[in-house]
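Undergrad: My structure is in model.cif, and what it holds is mmCIF, C-alpha atoms:
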data_structure
#
loop_
_atom_site.label_atom_id
_atom_site.label_comp_id
_atom_site.auth_asym_id
_atom_site.auth_seq_id
_atom_site.Cartn_x
_atom_site.Cartn_y
_atom_site.Cartn_z
CA MET G 1 -15.21 19.14 -21.40
CA ASN G 2 -16.23 16.89 -24.29
CA LEU G 3 -12.93 17.54 -26.06
CA ARG G 4 -11.00 16.20 -23.06
CA LYS G 5 -13.11 13.05 -22.84
CA THR G 6 -12.86 12.49 -26.58
CA THR G 7 -9.09 13.00 -26.56
CA LEU G 8 -8.66 10.67 -23.60
CA ALA G 9 -10.83 8.02 -25.24
CA ALA G 10 -8.87 8.36 -28.49
CA LEU G 11 -5.57 7.97 -26.66
CA VAL G 12 -6.78 4.86 -24.84
CA LEU G 13 -8.11 3.32 -28.06
CA THR G 14 -4.88 4.16 -29.90
CA ALA G 15 -2.81 2.62 -27.12
CA LEU G 16 -4.87 -0.56 -27.23
CA ALA G 17 -4.74 -0.68 -31.03
CA LEU G 18 -0.97 -0.30 -31.07
CA THR G 19 -0.35 -3.15 -28.66
CA SER G 20 0.56 -6.47 -30.12
CA CYS G 21 -1.90 -9.31 -30.02
CA GLY G 22 -0.68 -10.65 -26.63
CA THR G 23 -2.80 -8.20 -24.70
CA GLY G 24 -5.77 -8.77 -26.98
CA ARG G 25 -5.53 -12.54 -26.62
CA ARG G 26 -5.21 -12.27 -22.85
CA ALA G 27 -8.18 -9.89 -22.60
CA GLY G 28 -10.26 -12.10 -24.90
CA LYS G 29 -9.53 -15.22 -22.89
CA ASP G 30 -10.19 -13.42 -19.59
CA LEU G 31 -13.53 -12.12 -20.84
CA PHE G 32 -14.50 -15.51 -22.31
CA ILE G 33 -13.71 -17.37 -19.08
CA ALA G 34 -15.37 -14.73 -16.89
CA VAL G 35 -18.59 -14.87 -18.94
CA THR G 36 -18.70 -18.68 -19.11
CA SER G 37 -17.67 -19.09 -15.48
CA PRO G 38 -21.16 -20.00 -14.17
CA ALA G 39 -21.31 -22.89 -16.63
CA MET G 40 -17.85 -23.98 -15.52
CA TRP G 41 -19.06 -24.18 -11.91
CA PHE G 42 -21.38 -27.02 -12.90
CA TYR G 43 -19.36 -28.63 -15.68
CA GLY G 44 -15.93 -28.35 -14.07
CA GLY G 45 -17.32 -29.05 -10.63
CA GLY G 46 -19.17 -32.11 -11.89
CA THR G 47 -16.39 -33.66 -13.95
CA ASP G 48 -13.59 -32.87 -11.50
CA GLY G 49 -15.77 -33.84 -8.54
CA TYR G 50 -16.67 -37.17 -10.12
CA ASP G 51 -13.03 -37.94 -10.93
CA HIS G 52 -12.07 -37.07 -7.37
CA ALA G 53 -14.88 -39.24 -5.95
CA GLN G 54 -13.60 -42.17 -8.04
CA GLU G 55 -10.09 -41.60 -6.70
CA VAL G 56 -11.41 -41.61 -3.12
CA ARG G 57 -13.25 -44.87 -3.81
CA GLU G 58 -10.14 -46.48 -5.29
CA GLY G 59 -7.90 -45.10 -2.54
CA LEU G 60 -10.11 -46.51 0.19
CA GLY G 61 -10.75 -49.75 -1.68
CA ALA G 62 -14.45 -49.28 -0.96
CA GLY G 63 -17.62 -49.88 -2.93
CA ALA G 64 -19.76 -47.68 -5.14
CA ALA G 65 -21.67 -46.31 -2.17
CA THR G 66 -18.54 -44.45 -1.06
CA GLU G 67 -18.38 -42.71 -4.41
CA VAL G 68 -22.02 -41.65 -4.08
CA ILE G 69 -21.55 -40.37 -0.53
CA VAL G 70 -18.35 -38.44 -1.33
CA PHE G 71 -19.50 -36.89 -4.63
CA PRO G 72 -21.56 -33.97 -3.20
CA PHE G 73 -18.57 -32.81 -1.18
CA THR G 74 -16.12 -33.11 -4.05
CA PHE G 75 -18.59 -31.41 -6.39
CA VAL G 76 -19.01 -28.40 -4.09
CA GLY G 77 -15.26 -28.14 -3.54
CA HIS G 78 -14.45 -28.17 -7.23
CA ALA G 79 -17.35 -25.82 -8.07
CA ILE G 80 -15.92 -23.30 -5.59
CA LYS G 81 -12.49 -23.75 -7.17
CA HIS G 82 -13.89 -23.00 -10.65
CA ALA G 83 -15.80 -19.99 -9.30
CA PHE G 84 -12.53 -18.67 -7.90
CA TYR G 85 -10.83 -19.22 -11.27
CA GLY G 86 -13.60 -17.18 -12.93
CA LEU G 87 -13.02 -14.37 -10.44
CA VAL G 88 -9.29 -14.46 -11.18
CA HIS G 89 -9.96 -14.09 -14.90
CA ALA G 90 -12.49 -11.28 -14.28
CA GLY G 91 -9.97 -9.43 -12.14
CA ASP G 92 -7.28 -9.96 -14.75
CA PHE G 93 -9.60 -8.52 -17.42
CA VAL G 94 -9.90 -5.33 -15.39
CA LEU G 95 -6.10 -4.97 -15.56
CA THR G 96 -6.02 -5.19 -19.38
CA PRO G 97 -5.16 -1.48 -19.91
CA LEU G 98 -2.09 -1.90 -17.72
CA TYR G 99 -0.96 -4.92 -19.74
CA GLY G 100 -1.46 -2.92 -22.93
CA LEU G 101 0.67 -0.07 -21.62
CA ALA G 102 3.39 -2.46 -20.46
CA GLU G 103 3.43 -4.14 -23.86
CA LEU G 104 3.80 -0.80 -25.65
CA HIS G 105 7.25 -0.26 -24.14
CA PRO G 106 10.01 -1.59 -26.42
CA TYR G 107 11.57 -3.59 -23.59
CA GLY G 108 8.28 -4.50 -21.98
CA PRO G 109 7.24 -8.03 -21.08
CA GLU G 110 5.69 -10.50 -23.48
CA ILE G 111 2.03 -10.71 -22.49
CA LYS G 112 0.47 -14.17 -22.64
CA PRO G 113 -2.95 -15.44 -21.55
CA LEU G 114 -3.25 -17.08 -18.15
CA ASP G 115 -2.91 -20.86 -18.31
CA ILE G 116 -5.50 -21.84 -15.71
CA TYR G 117 -7.70 -23.20 -18.50
CA THR G 118 -5.93 -24.43 -21.62
CA GLY G 119 -7.11 -25.42 -25.05
CA THR G 120 -9.10 -22.25 -25.80
CA ILE G 121 -8.90 -20.39 -29.09
CA PHE G 122 -6.87 -17.69 -27.33
CA ASP G 123 -3.96 -20.00 -26.50
CA GLU G 124 -1.00 -20.13 -28.86
CA THR G 125 0.12 -23.45 -30.19
CA ASP G 126 3.62 -24.12 -31.42
CA GLU G 127 4.05 -24.82 -35.11
CA GLY G 128 5.58 -28.20 -34.36
CA SER G 129 2.96 -29.15 -31.83
CA GLY G 130 0.65 -32.04 -32.24
CA THR G 131 -0.56 -35.11 -30.46
CA ASP G 132 1.75 -37.97 -29.61
CA ALA G 133 0.35 -41.08 -31.25
CA GLU G 134 1.35 -43.42 -28.43
CA SER G 135 0.46 -41.46 -25.31
CA GLY G 136 -2.21 -39.08 -26.68
CA GLU G 137 -0.52 -36.13 -24.98
CA THR G 138 -0.10 -32.82 -26.74
CA ARG G 139 3.46 -31.72 -27.42
#
Hey, can you dump this file as structure tokens for me?
TA:
Amino acid sequence: MNLRKTTLAALVLTALALTSCGTGRRAGKDLFIAVTSPAMWFYGGGTDGYDHAQEVREGLGAGAATEVIVFPFTFVGHAIKHAFYGLVHAGDFVLTPLYGLAELHPYGPEIKPLDIYTGTIFDETDEGSGTDAESGETR
């Protein structure tokens, strides 16, 4: 019984070790986002909710009181959105062994991390990428 479990564990570890770094980067990003998701509820919900409240104020041409009244609703909406994003990454992390097996096949797909959140250490950057000096956008 122990020999079967050991053999199965060795096969799974070998399969994961032989996959290229696409699966590893995707799993790392999924785990990172899933673990930090509760912080993103408050940070992402707060920053996105505030930006949205400012847009509502500008769109209505109203005063600062409108921004204060609308903010709790926009905060809750964006916090729920970020909680959902965390669940998506957690669910994607569970599927990591399948991505590893798909990447092992010679004609398998190229596995890349999800792009819901960008700018993490798990995202690839092009060699020629940089920041445009005039607009500040990344290339």
Undergrad: In Å to one decimal, how far is CA of Gly44 (chain G) from CA of Val68 (chain G)?
TA: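 Atom-to-atom, CA of Val68 (chain G) to CA of Gly44 (chain G), that is 17.7 Å.
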Undergrad: So which residues get picked by the PyMOL selection byres ((chain G and resi 80) around 12) here, written as a VMD selection string?
TA: chain G and resid 37 to 38 40 to 46 48 to 49 73 to 79 81 to 87
Undergrad: Which residues fall under the PyMOL selection byres ((chain G and resi 102-113) around 12) in this file, as a PyMOL selection string?
TA: chain G and resi 14-33+89+92-93+95-101+114-125
Undergrad: Could you save the residues just selected, with C-alpha atoms, as a tab-separated table (two decimals), in the coordinates of the input?
TA:
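result-v3.tsv written:
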chain	number	residue	atom	x	y	z
G	14	THR	CA	-4.88	4.16	-29.90
G	15	ALA	CA	-2.81	2.62	-27.12
G	16	LEU	CA	-4.87	-0.56	-27.23
G	17	ALA	CA	-4.74	-0.68	-31.03
G	18	LEU	CA	-0.97	-0.30	-31.07
G	19	THR	CA	-0.35	-3.15	-28.66
G	20	SER	CA	0.56	-6.47	-30.12
G	21	CYS	CA	-1.90	-9.31	-30.02
G	22	GLY	CA	-0.68	-10.65	-26.63
G	23	THR	CA	-2.80	-8.20	-24.70
G	24	GLY	CA	-5.77	-8.77	-26.98
G	25	ARG	CA	-5.53	-12.54	-26.62
G	26	ARG	CA	-5.21	-12.27	-22.85
G	27	ALA	CA	-8.18	-9.89	-22.60
G	28	GLY	CA	-10.26	-12.10	-24.90
G	29	LYS	CA	-9.53	-15.22	-22.89
G	30	ASP	CA	-10.19	-13.42	-19.59
G	31	LEU	CA	-13.53	-12.12	-20.84
G	32	PHE	CA	-14.50	-15.51	-22.31
G	33	ILE	CA	-13.71	-17.37	-19.08
G	89	HIS	CA	-9.96	-14.09	-14.90
G	92	ASP	CA	-7.28	-9.96	-14.75
G	93	PHE	CA	-9.60	-8.52	-17.42
G	95	LEU	CA	-6.10	-4.97	-15.56
G	96	THR	CA	-6.02	-5.19	-19.38
G	97	PRO	CA	-5.16	-1.48	-19.91
G	98	LEU	CA	-2.09	-1.90	-17.72
G	99	TYR	CA	-0.96	-4.92	-19.74
G	100	GLY	CA	-1.46	-2.92	-22.93
G	101	LEU	CA	0.67	-0.07	-21.62
G	114	LEU	CA	-3.25	-17.08	-18.15
G	115	ASP	CA	-2.91	-20.86	-18.31
G	116	ILE	CA	-5.50	-21.84	-15.71
G	117	TYR	CA	-7.70	-23.20	-18.50
G	118	THR	CA	-5.93	-24.43	-21.62
G	119	GLY	CA	-7.11	-25.42	-25.05
G	120	THR	CA	-9.10	-22.25	-25.80
G	121	ILE	CA	-8.90	-20.39	-29.09
G	122	PHE	CA	-6.87	-17.69	-27.33
G	123	ASP	CA	-3.96	-20.00	-26.50
G	124	GLU	CA	-1.00	-20.13	-28.86
G	125	THR	CA	0.12	-23.45	-30.19
Undergrad: Take every atom of region 34-46 of chain G listed in the file, pad by 8 Å on each side, and give me the axis-aligned box centre and edge lengths in Å, one decimal, as AutoDock Vina command-line options.
TA:
--center_x -18.4 --center_y -23.4 --center_z -14.9 --size_x 22.0 --size_y 33.4 --size_z 24.5
Undergrad: Would you compute the distance between CA of Thr47 (chain G) and CA of Ala62 (chain G)? Give it in Å to one decimal.
TA: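 So the answer is 20.4 Å.
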Undergrad: Smallest atom-to-atom distance to Phe71 (chain G): which of G:Leu3, G:Val88, G:Ala53, G:Ala10, using all atoms listed in the file?
TA: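 So, comparing all the options, the nearest one is G:Ala53.
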Undergrad: As an exercise, work out the distance from CA of Glu55 (chain G) to CA of Val70 (chain G) in Å and give it to one decimal place.
TA: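 Computing it gives 10.3 Å between the two atoms.
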